[in-house]
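As stored in upload.csv (CSV, C-alpha atoms):
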```csv
chain,number,residue,atom,x,y,z
H,1,MET,CA,21.9,5.1,18.5
H,2,MET,CA,22.4,6.9,15.2
H,3,ARG,CA,23.2,3.7,13.4
H,4,LEU,CA,20.0,2.1,14.7
H,5,LEU,CA,18.0,5.2,13.7
H,6,SER,CA,19.6,5.1,10.2
H,7,VAL,CA,18.7,1.4,9.8
H,8,PHE,CA,15.1,2.1,11.0
H,9,LEU,CA,14.7,5.0,8.4
H,10,PHE,CA,16.1,2.9,5.6
H,11,LEU,CA,13.7,0.0,6.3
H,12,ASN,CA,10.7,2.4,6.5
H,13,VAL,CA,11.7,4.0,3.1
H,14,CYS,CA,12.0,0.5,1.5
H,15,LEU,CA,8.7,-0.6,3.0
H,16,GLY,CA,7.0,2.5,1.9
H,17,TYR,CA,8.3,2.2,-1.6
H,18,SER,CA,7.2,-1.5,-1.9
H,19,GLN,CA,3.7,-0.7,-0.5
H,20,LYS,CA,3.3,2.3,-2.9
H,21,ASN,CA,3.5,-0.1,-5.9
H,22,SER,CA,1.3,-2.8,-4.4
H,23,LEU,CA,-2.5,-3.3,-4.3
H,24,ASP,CA,-4.2,-1.8,-1.2
H,25,ILE,CA,-5.4,-5.1,0.3
H,26,ARG,CA,-4.7,-7.1,3.4
H,27,PRO,CA,-1.7,-9.4,2.8
H,28,VAL,CA,-2.6,-12.3,5.1
H,29,ASN,CA,-5.6,-13.4,7.2
H,30,ARG,CA,-5.7,-16.6,9.2
H,31,PHE,CA,-8.8,-18.3,10.6
H,32,THR,CA,-9.3,-21.5,12.7
H,33,ASN,CA,-12.2,-23.7,13.5
H,34,LEU,CA,-14.3,-23.1,10.4
H,35,LYS,CA,-17.5,-25.1,9.9
H,36,TYR,CA,-19.6,-25.4,6.8
H,37,LEU,CA,-22.9,-26.8,5.9
H,38,ALA,CA,-22.7,-28.9,2.7
H,39,VAL,CA,-25.4,-30.0,0.4
H,40,HIS,CA,-24.7,-32.7,-2.1
H,41,GLY,CA,-27.9,-33.5,-4.0
H,42,GLU,CA,-30.3,-34.6,-1.2
H,43,LYS,CA,-27.6,-35.1,1.4
H,44,ILE,CA,-27.0,-32.3,4.0
H,45,GLN,CA,-24.1,-32.5,6.4
H,46,GLU,CA,-21.7,-30.3,8.4
H,47,PHE,CA,-17.9,-30.5,8.1
H,48,SER,CA,-15.0,-28.6,9.6
H,49,TYR,CA,-11.7,-27.1,8.5
H,50,SER,CA,-9.1,-26.7,11.3
H,51,GLU,CA,-7.5,-23.7,9.6
H,52,SER,CA,-7.7,-21.3,6.6
H,53,VAL,CA,-4.9,-19.0,5.5
H,54,ILE,CA,-5.6,-16.2,3.0
H,55,ARG,CA,-2.7,-14.5,1.1
H,56,ALA,CA,-2.9,-11.6,-1.3
H,57,GLU,CA,-0.7,-12.7,-4.2
H,58,LYS,CA,0.3,-10.5,-7.2
H,59,ASN,CA,-3.1,-10.8,-9.0
H,60,HIS,CA,-5.3,-13.1,-6.8
H,61,TYR,CA,-6.1,-14.3,-3.4
H,62,SER,CA,-4.8,-17.7,-2.5
H,63,ILE,CA,-6.7,-19.7,0.1
H,64,ALA,CA,-5.3,-22.8,1.8
H,65,MET,CA,-7.8,-24.6,4.0
H,66,THR,CA,-6.8,-27.6,6.1
H,67,ILE,CA,-9.3,-30.5,6.6
H,68,HIS,CA,-8.2,-33.8,8.3
H,69,GLY,CA,-4.6,-32.8,7.9
H,70,HIS,CA,-4.9,-32.2,4.1
H,71,GLN,CA,-4.8,-28.9,2.4
H,72,ARG,CA,-7.5,-27.8,0.0
H,73,LYS,CA,-6.4,-24.9,-2.2
H,74,PHE,CA,-8.5,-22.2,-3.9
H,75,THR,CA,-7.5,-19.3,-6.1
H,76,PHE,CA,-9.7,-16.3,-6.1
H,77,PRO,CA,-8.9,-13.6,-8.7
H,78,PHE,CA,-9.0,-9.9,-8.1
H,79,THR,CA,-11.4,-7.6,-9.9
H,80,LYS,CA,-10.3,-6.1,-13.2
H,81,GLU,CA,-10.3,-2.6,-11.5
H,82,ASP,CA,-8.0,-3.9,-8.7
H,83,LEU,CA,-5.5,-5.0,-11.4
H,84,ASN,CA,-5.9,-2.0,-13.7
H,85,GLY,CA,-2.4,-1.0,-14.7
H,86,LYS,CA,-0.8,-3.7,-12.7
H,87,ASP,CA,1.2,-6.6,-14.1
H,88,SER,CA,-1.1,-9.5,-14.5
H,89,LEU,CA,-0.8,-13.2,-15.5
H,90,ASN,CA,-4.3,-12.9,-16.9
H,91,VAL,CA,-3.3,-11.8,-20.4
H,92,GLY,CA,-5.3,-13.7,-23.0
H,93,LEU,CA,-8.1,-14.7,-20.7
H,94,THR,CA,-11.7,-13.6,-21.0
H,95,GLU,CA,-13.4,-10.9,-18.9
H,96,ALA,CA,-15.1,-13.7,-17.0
H,97,PHE,CA,-11.8,-14.6,-15.3
H,98,TYR,CA,-12.0,-11.6,-13.0
H,99,ALA,CA,-14.0,-11.4,-9.8
H,100,GLU,CA,-16.9,-8.9,-9.3
H,101,LYS,CA,-16.9,-6.7,-6.2
H,102,ILE,CA,-20.3,-6.7,-4.5
H,103,THR,CA,-21.4,-4.6,-1.4
H,104,TYR,CA,-24.1,-5.8,0.9
H,105,HIS,CA,-25.7,-3.4,3.4
H,106,LEU,CA,-27.4,-5.3,6.2
H,107,GLU,CA,-28.8,-3.3,9.1
H,108,ASP,CA,-25.9,-1.0,10.2
H,109,LYS,CA,-23.1,-3.1,8.7
H,110,GLU,CA,-21.5,-3.0,5.2
H,111,PHE,CA,-19.9,-6.1,3.7
H,112,VAL,CA,-17.6,-5.9,0.7
H,113,LEU,CA,-17.5,-9.3,-1.0
H,114,TYR,CA,-16.0,-10.8,-4.2
H,115,LYS,CA,-18.1,-13.0,-6.4
H,116,HIS,CA,-16.4,-15.2,-9.0
H,117,ILE,CA,-18.1,-17.3,-11.7
H,118,ASP,CA,-16.2,-20.6,-12.3
H,119,TYR,CA,-15.9,-21.7,-15.9
H,120,ASN,CA,-14.3,-24.9,-17.2
H,121,CYS,CA,-12.0,-22.6,-19.4
H,122,TYR,CA,-11.2,-18.9,-19.6
H,123,ASP,CA,-9.5,-18.9,-22.9
H,124,PRO,CA,-11.5,-16.8,-25.4
H,125,LEU,CA,-10.4,-19.2,-28.2
H,126,CYS,CA,-11.4,-22.2,-26.1
H,127,GLY,CA,-13.5,-24.0,-28.8
H,128,SER,CA,-10.8,-23.8,-31.6
H,129,LYS,CA,-7.8,-24.4,-29.3
H,130,HIS,CA,-9.2,-27.0,-26.9
H,131,ASN,CA,-12.1,-28.5,-28.9
H,132,HIS,CA,-14.7,-28.0,-26.1
H,133,LYS,CA,-17.3,-25.4,-25.2
H,134,THR,CA,-16.8,-22.9,-22.4
H,135,MET,CA,-19.4,-23.6,-19.6
H,136,VAL,CA,-20.2,-22.3,-16.2
H,137,THR,CA,-19.3,-24.9,-13.6
H,138,GLY,CA,-20.2,-22.9,-10.4
H,139,TYR,CA,-19.7,-19.7,-8.5
H,140,SER,CA,-18.2,-18.6,-5.2
H,141,TYR,CA,-18.4,-15.7,-2.7
H,142,PHE,CA,-15.3,-14.6,-0.8
H,143,SER,CA,-14.4,-12.0,1.7
H,144,PRO,CA,-10.9,-11.2,3.0
H,145,ASP,CA,-12.5,-10.7,6.4
H,146,TYR,CA,-14.3,-14.1,6.5
H,147,GLY,CA,-12.7,-16.2,3.8
H,148,LEU,CA,-14.8,-18.5,1.6
H,149,LEU,CA,-18.5,-17.7,2.5
H,150,PHE,CA,-20.4,-19.8,-0.1
H,151,THR,CA,-19.7,-22.0,-3.1
H,152,SER,CA,-22.0,-23.6,-5.6
H,153,GLN,CA,-21.2,-26.2,-8.2
H,154,ASN,CA,-23.2,-28.3,-10.7
H,155,ASN,CA,-26.3,-26.1,-11.0
H,156,ASN,CA,-26.6,-25.7,-7.2
H,157,MET,CA,-26.5,-29.5,-6.7
H,158,THR,CA,-23.3,-29.1,-4.5
H,159,LEU,CA,-23.3,-26.2,-2.0
H,160,GLU,CA,-21.0,-25.2,0.9
H,161,MET,CA,-22.0,-22.4,3.3
H,162,LEU,CA,-19.9,-21.0,6.2
H,163,THR,CA,-21.6,-21.5,9.6
H,164,ARG,CA,-18.8,-20.8,12.1
H,165,ILE,CA,-15.4,-19.1,12.0
H,166,ASN,CA,-12.8,-18.8,14.8
H,167,GLY,CA,-15.3,-20.5,17.1
H,168,LYS,CA,-18.0,-17.9,16.6
H,169,GLU,CA,-21.1,-17.8,14.4
H,170,ALA,CA,-20.5,-16.7,10.8
H,171,PRO,CA,-22.4,-13.6,9.5
H,172,LYS,CA,-25.6,-15.6,9.0
H,173,ASP,CA,-27.7,-12.7,7.7
H,174,LEU,CA,-25.1,-12.0,5.1
H,175,ILE,CA,-25.0,-15.7,3.9
H,176,ILE,CA,-28.8,-15.9,3.9
H,177,ALA,CA,-28.9,-12.8,1.7
H,178,ILE,CA,-26.4,-14.4,-0.7
H,179,LEU,CA,-28.5,-17.6,-0.8
H,180,LYS,CA,-31.7,-15.6,-1.5
H,181,ASP,CA,-30.0,-13.5,-4.2
H,182,ASN,CA,-28.9,-16.7,-5.9
H,183,GLN,CA,-32.4,-18.3,-5.7
H,184,ILE,CA,-31.2,-21.2,-3.6
H,185,ASP,CA,-34.0,-23.6,-2.6
H,186,ASN,CA,-36.0,-22.4,0.4
H,187,ARG,CA,-35.6,-25.9,2.0
H,188,ILE,CA,-31.8,-25.4,2.1
H,189,ILE,CA,-32.1,-21.8,3.5
H,190,LYS,CA,-34.3,-23.3,6.3
H,191,GLU,CA,-31.6,-26.0,7.0
H,192,TYR,CA,-28.9,-23.3,7.1
H,193,LYS,CA,-31.0,-21.2,9.6
H,194,LYS,CA,-31.4,-24.2,11.9
H,195,VAL,CA,-27.6,-24.8,12.2
H,196,LYS,CA,-26.6,-24.4,15.9
H,197,SER,CA,-24.3,-21.5,16.6
```
Is it possible to express this structure as structure tokens?
Amino acid sequence: MMRLLSVFLFLNVCLGYSQKNSLDIRPVNRFTNLKYLAVHGEKIQEFSYSESVIRAEKNHYSIAMTIHGHQRKFTFPFTKEDLNGKDSLNVGLTEAFYAEKITYHLEDKEFVLYKHIDYNCYDPLCGSKHNHKTMVTGYSYFSPDYGLLFTSQNNNMTLEMLTRINGKEAPKDLIIAILKDNQIDNRIIKEYKKVKS
């Protein structure tokens, strides 16, 4: 009994020490049966992921989403404040690399989201090193509680909006607020509202 108690205390001390030096974020979240509404130019269609797994890595969230047996991977960086004083692989990258934390208050619920602007390059010396100009290619909204909520690419010509998660309706009011804040065409917002729960 004493040996078992000693092992238990030792593991708790080790676990407590490792957590003390880590970011205060959920390490893993797994979702199934995710559905999205996609807009590609004039074409609007629904598609599904069978699974999404979110992991909190050292300096970013990694998201692996499975569609038709294939994985689609996303990396979503933490905010600069989350990484303040932590070891980071982001040395030498512009401020634009980091995500921005945004809080939405809708009725009696609060949602903490991360918004990330996607650029073709995050090197501050992009022009002289790579001989091209840094440009915005899109942006995404992410929540550790819901995963990838909304993505936009190519000046809002390609959009993906979460409609269902774990077999239940996604937080539609939240996603509609995101669409409105980003001045997405009202026709697309109407299509999103019409999606069956």
Would you please work out which residue, of H:Thr163, H:Thr75, H:Gln183, H:Ser152, is nearest to Asn59 of chain H when using only C-alpha atoms?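 For Asn59 of chain H, the nearest of the candidates is H:Thr75.
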To one decimal in Å, tell me the separation between atom CA of Leu162 of chain H and atom CA of Val112 of chain H.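 One can read the atom CA of Leu162 of chain H to atom CA of Val112 of chain H distance as 16.2 Å.
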What is the atom CA of Asp118 of chain H-atom CA of Asn182 of chain H distance in Å, reported with one decimal? 14.7 Å
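Closest to Ile184 of chain H among H:Glu169, H:Glu160, H:Glu110, H:Glu57 is H:Glu160, based on only C-alpha atoms.
Of the residues listed (H:Leu149, H:Leu34, H:Leu159, H:Leu174), H:Leu174 shows the shortest atom-to-atom separation from Lys109 of chain H; distances use all atoms listed in the file.
Residues having any atom no farther than 6 Å from (-2.7, -17.0, 10.4) (counting all atoms listed in the file) are Asn29, Arg30 and Val53 of chain H.
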Compute the distance from (-11.3, -17.4, -3.9) to each atom, counting only C-alpha atoms, keep the residues with any atom at most 10 Å away, and return them as a ChimeraX atom specification; use the coordinates of the file. /H:54,60-64,73-78,99,114-116,139-144,147-149,151
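Going from atom CA of Ile175 of chain H over to atom CA of Phe111 of chain H, you cover 10.9 Å.
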Give me segment 105-118 of chain H with N, CA, C and O atoms filled in, as a PDB file, keeping the file's coordinate frame.
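Here's the written file part-v4.pdb:
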```pdb
ATOM      1  N   HIS H 105     -25.414  -4.265   2.224  1.00  0.00           N
ATOM      2  CA  HIS H 105     -25.700  -3.400   3.400  1.00  0.00           C
ATOM      3  C   HIS H 105     -26.808  -4.131   4.176  1.00  0.00           C
ATOM      4  O   HIS H 105     -27.935  -4.292   3.699  1.00  0.00           O
ATOM      5  N   LEU H 106     -26.453  -4.579   5.369  1.00  0.00           N
ATOM      6  CA  LEU H 106     -27.400  -5.300   6.200  1.00  0.00           C
ATOM      7  C   LEU H 106     -27.436  -4.578   7.579  1.00  0.00           C
ATOM      8  O   LEU H 106     -26.409  -4.479   8.256  1.00  0.00           O
ATOM      9  N   GLU H 107     -28.605  -4.077   7.934  1.00  0.00           N
ATOM     10  CA  GLU H 107     -28.800  -3.300   9.100  1.00  0.00           C
ATOM     11  C   GLU H 107     -27.756  -2.159   9.153  1.00  0.00           C
ATOM     12  O   GLU H 107     -27.718  -1.364   8.240  1.00  0.00           O
ATOM     13  N   ASP H 108     -26.877  -2.109  10.151  1.00  0.00           N
ATOM     14  CA  ASP H 108     -25.900  -1.000  10.200  1.00  0.00           C
ATOM     15  C   ASP H 108     -24.514  -1.443   9.767  1.00  0.00           C
ATOM     16  O   ASP H 108     -23.533  -0.757  10.000  1.00  0.00           O
ATOM     17  N   LYS H 109     -24.414  -2.582   9.079  1.00  0.00           N
ATOM     18  CA  LYS H 109     -23.100  -3.100   8.700  1.00  0.00           C
ATOM     19  C   LYS H 109     -22.994  -3.209   7.166  1.00  0.00           C
ATOM     20  O   LYS H 109     -23.964  -3.526   6.481  1.00  0.00           O
ATOM     21  N   GLU H 110     -21.778  -2.943   6.677  1.00  0.00           N
ATOM     22  CA  GLU H 110     -21.500  -3.000   5.200  1.00  0.00           C
ATOM     23  C   GLU H 110     -20.475  -4.163   5.035  1.00  0.00           C
ATOM     24  O   GLU H 110     -19.480  -4.236   5.739  1.00  0.00           O
ATOM     25  N   PHE H 111     -20.752  -5.034   4.063  1.00  0.00           N
ATOM     26  CA  PHE H 111     -19.900  -6.100   3.700  1.00  0.00           C
ATOM     27  C   PHE H 111     -19.417  -6.000   2.283  1.00  0.00           C
ATOM     28  O   PHE H 111     -20.254  -5.912   1.392  1.00  0.00           O
ATOM     29  N   VAL H 112     -18.116  -5.981   2.051  1.00  0.00           N
ATOM     30  CA  VAL H 112     -17.600  -5.900   0.700  1.00  0.00           C
ATOM     31  C   VAL H 112     -17.114  -7.365   0.357  1.00  0.00           C
ATOM     32  O   VAL H 112     -16.247  -7.922   1.028  1.00  0.00           O
ATOM     33  N   LEU H 113     -17.729  -7.945  -0.658  1.00  0.00           N
ATOM     34  CA  LEU H 113     -17.500  -9.300  -1.000  1.00  0.00           C
ATOM     35  C   LEU H 113     -16.979  -9.379  -2.486  1.00  0.00           C
ATOM     36  O   LEU H 113     -17.164  -8.449  -3.250  1.00  0.00           O
ATOM     37  N   TYR H 114     -16.410 -10.522  -2.830  1.00  0.00           N
ATOM     38  CA  TYR H 114     -16.000 -10.800  -4.200  1.00  0.00           C
ATOM     39  C   TYR H 114     -16.812 -12.013  -4.674  1.00  0.00           C
ATOM     40  O   TYR H 114     -16.857 -13.029  -3.989  1.00  0.00           O
ATOM     41  N   LYS H 115     -17.427 -11.885  -5.843  1.00  0.00           N
ATOM     42  CA  LYS H 115     -18.100 -13.000  -6.400  1.00  0.00           C
ATOM     43  C   LYS H 115     -17.342 -13.439  -7.685  1.00  0.00           C
ATOM     44  O   LYS H 115     -16.922 -12.591  -8.479  1.00  0.00           O
ATOM     45  N   HIS H 116     -17.152 -14.742  -7.820  1.00  0.00           N
ATOM     46  CA  HIS H 116     -16.400 -15.200  -9.000  1.00  0.00           C
ATOM     47  C   HIS H 116     -17.229 -16.364  -9.625  1.00  0.00           C
ATOM     48  O   HIS H 116     -17.641 -17.297  -8.944  1.00  0.00           O
ATOM     49  N   ILE H 117     -17.436 -16.252 -10.936  1.00  0.00           N
ATOM     50  CA  ILE H 117     -18.100 -17.300 -11.700  1.00  0.00           C
ATOM     51  C   ILE H 117     -17.006 -18.269 -12.172  1.00  0.00           C
ATOM     52  O   ILE H 117     -16.009 -17.848 -12.756  1.00  0.00           O
ATOM     53  N   ASP H 118     -17.194 -19.541 -11.884  1.00  0.00           N
ATOM     54  CA  ASP H 118     -16.200 -20.600 -12.300  1.00  0.00           C
ATOM     55  C   ASP H 118     -16.632 -21.115 -13.668  1.00  0.00           C
ATOM     56  O   ASP H 118     -17.787 -21.496 -13.856  1.00  0.00           O
TER      57      ASP H 118
END
```
